[in-house]
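Here the structure comes first, spelled out in structure tokens, and everything after it is commentary.
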Amino acid sequence: MALKKWLDEQAPLALPKSALGEAIDYCLNRWDALCLFVEHGNMQIDNNIVEAGMKPVAIGRSNWLFAGSVEGGQTAATYMTLIQTCHRLSIDPFEYLKDVFTRLPSTPISQIDQFLPDRWKKAQESGSVTSADFRKAL
């Protein structure tokens, strides 16, 4: 391929710390991935979706130092997992948590799986019990 040949020819001529030298080095170091993307058009060229999902964790990283205890850190991780799962399933995390916390105290442990985000979403879509229905029953 002409671009690869040109990059290989220019690499020894460009100063390593120059903008061109760094660009050539960057491209050559990722050449296999670039070729894979070009050969398989169904692949995403970037990982923005993954990076967007990791952003809240990266931003909050210093906050996790002050979780108070190992148990506090585990609780924060559980909430973050639930919230990210809600986002992936197109669920409003506030509505989900509000409904779950409303109904959870009166739910037998044998029925706790209904509060998993994917099952909760299916129940909402099918018109099963909601927090509004629960409040009416009180």
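Letters for chains follow the order of the structure tokens (A, B, ...), residue numbers begin at 1 for each chain, and ligand numbers begin at 1 in the order shown.
Within 9 Å of Trp120 (chain A), once only C-alpha atoms are used and residues closer than 5 positions along the same chain are dropped, the contacting residues are Tyr96, Val100, Asp113, Gln114, Phe115 and Glu125 of chain A.
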Shell of 12 Å around Asn29 (chain A), only C-alpha atoms, local chain residues under 5 positions omitted, as a list of chain:residue names:
A:Lys4, A:Leu7, A:Asp8, A:Ala11, A:Glu22, A:Ala23, A:Ile24, A:Leu34, A:Cys35
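Distances to Pro56 (chain A) were evaluated for A:Cys27, A:Met43, A:Met80, A:Leu36 using only C-alpha atoms, and the minimum falls at A:Met80.
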What is the CA of Pro93 (chain A) to CA of Ile45 (chain A) distance in Å?
29.4 Å
Picked from chain A by DSSP as helix (DSSP H, G or I), as an MDAnalysis selection string
chainID A and resid 2:10 19:29 31:39 48:64 70:88 93:106 109:115 117:126 131:137
Leaving out Glu95 (chain A) and any residue of its chain fewer than 2 positions from it, which residues lie within 12 Å of it when counting only C-alpha atoms, given as a PDB file with N, CA and C atoms, in the first residue's frame?
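And here is the file that came out, selection12.pdb:
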ATOM      1  N   ILE A  83     -26.695   2.258  37.584  1.00  0.00           N
ATOM      2  CA  ILE A  83     -26.942   3.465  36.787  1.00  0.00           C
ATOM      3  C   ILE A  83     -26.439   3.282  35.358  1.00  0.00           C
ATOM      4  N   CYS A  86     -28.756   1.015  33.527  1.00  0.00           N
ATOM      5  CA  CYS A  86     -29.959   1.762  33.141  1.00  0.00           C
ATOM      6  C   CYS A  86     -29.696   2.580  31.871  1.00  0.00           C
ATOM      7  N   HIS A  87     -28.568   3.260  31.837  1.00  0.00           N
ATOM      8  CA  HIS A  87     -28.245   4.051  30.641  1.00  0.00           C
ATOM      9  C   HIS A  87     -28.175   3.167  29.399  1.00  0.00           C
ATOM     10  N   SER A  90     -31.550   2.286  28.145  1.00  0.00           N
ATOM     11  CA  SER A  90     -32.409   3.459  27.912  1.00  0.00           C
ATOM     12  C   SER A  90     -33.490   3.593  28.987  1.00  0.00           C
ATOM     13  N   ILE A  91     -33.090   3.392  30.221  1.00  0.00           N
ATOM     14  CA  ILE A  91     -33.972   3.544  31.377  1.00  0.00           C
ATOM     15  C   ILE A  91     -33.544   4.810  32.107  1.00  0.00           C
ATOM     16  N   ASP A  92     -34.502   5.594  32.561  1.00  0.00           N
ATOM     17  CA  ASP A  92     -34.196   6.759  33.391  1.00  0.00           C
ATOM     18  C   ASP A  92     -33.777   6.234  34.768  1.00  0.00           C
ATOM     19  N   PRO A  93     -32.506   6.395  35.149  1.00  0.00           N
ATOM     20  CA  PRO A  93     -32.041   5.837  36.427  1.00  0.00           C
ATOM     21  C   PRO A  93     -32.822   6.354  37.634  1.00  0.00           C
ATOM     22  N   LEU A  97     -34.680   3.792  40.157  1.00  0.00           N
ATOM     23  CA  LEU A  97     -34.338   3.695  41.579  1.00  0.00           C
ATOM     24  C   LEU A  97     -35.502   4.108  42.471  1.00  0.00           C
ATOM     25  N   LYS A  98     -36.240   5.125  42.055  1.00  0.00           N
ATOM     26  CA  LYS A  98     -37.396   5.557  42.840  1.00  0.00           C
ATOM     27  C   LYS A  98     -38.412   4.418  42.945  1.00  0.00           C
ATOM     28  N   ASP A  99     -38.682   3.750  41.831  1.00  0.00           N
ATOM     29  CA  ASP A  99     -39.644   2.653  41.833  1.00  0.00           C
ATOM     30  C   ASP A  99     -39.127   1.475  42.663  1.00  0.00           C
ATOM     31  N   VAL A 100     -37.872   1.127  42.462  1.00  0.00           N
ATOM     32  CA  VAL A 100     -37.299  -0.006  43.193  1.00  0.00           C
ATOM     33  C   VAL A 100     -37.294   0.261  44.695  1.00  0.00           C
ATOM     34  N   PHE A 101     -36.852   1.451  45.107  1.00  0.00           N
ATOM     35  CA  PHE A 101     -36.802   1.754  46.540  1.00  0.00           C
ATOM     36  C   PHE A 101     -38.197   1.850  47.155  1.00  0.00           C
ATOM     37  N   THR A 102     -39.180   2.183  46.347  1.00  0.00           N
ATOM     38  CA  THR A 102     -40.558   2.250  46.850  1.00  0.00           C
ATOM     39  C   THR A 102     -41.116   0.853  47.098  1.00  0.00           C
ATOM     40  N   PRO A 117     -32.456  -4.447  36.252  1.00  0.00           N
ATOM     41  CA  PRO A 117     -32.877  -3.436  35.277  1.00  0.00           C
ATOM     42  C   PRO A 117     -33.542  -3.993  34.008  1.00  0.00           C
ATOM     43  N   TRP A 120     -36.984  -5.242  35.026  1.00  0.00           N
ATOM     44  CA  TRP A 120     -37.800  -4.095  35.398  1.00  0.00           C
ATOM     45  C   TRP A 120     -38.317  -3.392  34.147  1.00  0.00           C
ATOM     46  N   LYS A 121     -37.430  -3.230  33.154  1.00  0.00           N
ATOM     47  CA  LYS A 121     -37.820  -2.559  31.910  1.00  0.00           C
ATOM     48  C   LYS A 121     -38.925  -3.344  31.198  1.00  0.00           C
ATOM     49  N   GLN A 124     -42.164  -2.779  32.907  1.00  0.00           N
ATOM     50  CA  GLN A 124     -42.693  -1.447  32.624  1.00  0.00           C
ATOM     51  C   GLN A 124     -43.324  -1.398  31.233  1.00  0.00           C
ATOM     52  N   THR A 130     -46.345  -0.994  38.742  1.00  0.00           N
ATOM     53  CA  THR A 130     -45.428   0.141  38.838  1.00  0.00           C
ATOM     54  C   THR A 130     -45.526   0.723  40.230  1.00  0.00           C
ATOM     55  N   SER A 131     -44.687   1.679  40.523  1.00  0.00           N
ATOM     56  CA  SER A 131     -44.738   2.301  41.849  1.00  0.00           C
ATOM     57  C   SER A 131     -46.067   3.017  42.051  1.00  0.00           C
ATOM     58  N   ALA A 132     -46.666   3.563  40.980  1.00  0.00           N
ATOM     59  CA  ALA A 132     -47.970   4.207  41.116  1.00  0.00           C
ATOM     60  C   ALA A 132     -49.020   3.183  41.521  1.00  0.00           C
TER      61      ALA A 132
END
At a cut-off of 12 Å, using only C-alpha atoms, what residues contact Gly60 (chain A)? Leave out same-chain residues fewer than 6 positions from it and give the result as a list of chain:residue names.
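Residues near the query, excluding close chain neighbours: A:Met54, A:Phe66, A:Ala67, A:Gly73, A:Ala76, A:Ala77, A:Met80.
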Pairwise distance, CA of Gln111 (chain A) with CA of Val70 (chain A), equals 28.2 Å
If you measure from CA of Thr107 (chain A) to CA of Lys122 (chain A), what distance in Å do you get, rounded to one decimal?
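About the pair CA of Thr107 (chain A) and CA of Lys122 (chain A): they are 18.0 Å apart.
Compared by their closest atoms to Gln84 (chain A), and using only C-alpha atoms, the residues A:Ala19, A:Ala2, A:Val57, A:Leu13 rank with A:Val57 nearest.
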Which residue out of A:Gly72, A:Leu28, A:Ala58, A:Leu20 has the minimum interatomic distance to Lys5 (chain A) when only C-alpha atoms are used?
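Among the listed residues, A:Leu28 lies closest to Lys5 (chain A).
Closest approach to Val50 (chain A) from the set A:Gly127, A:Arg88, A:Thr78, A:Phe94 is made by A:Arg88, with distances taken over only C-alpha atoms.
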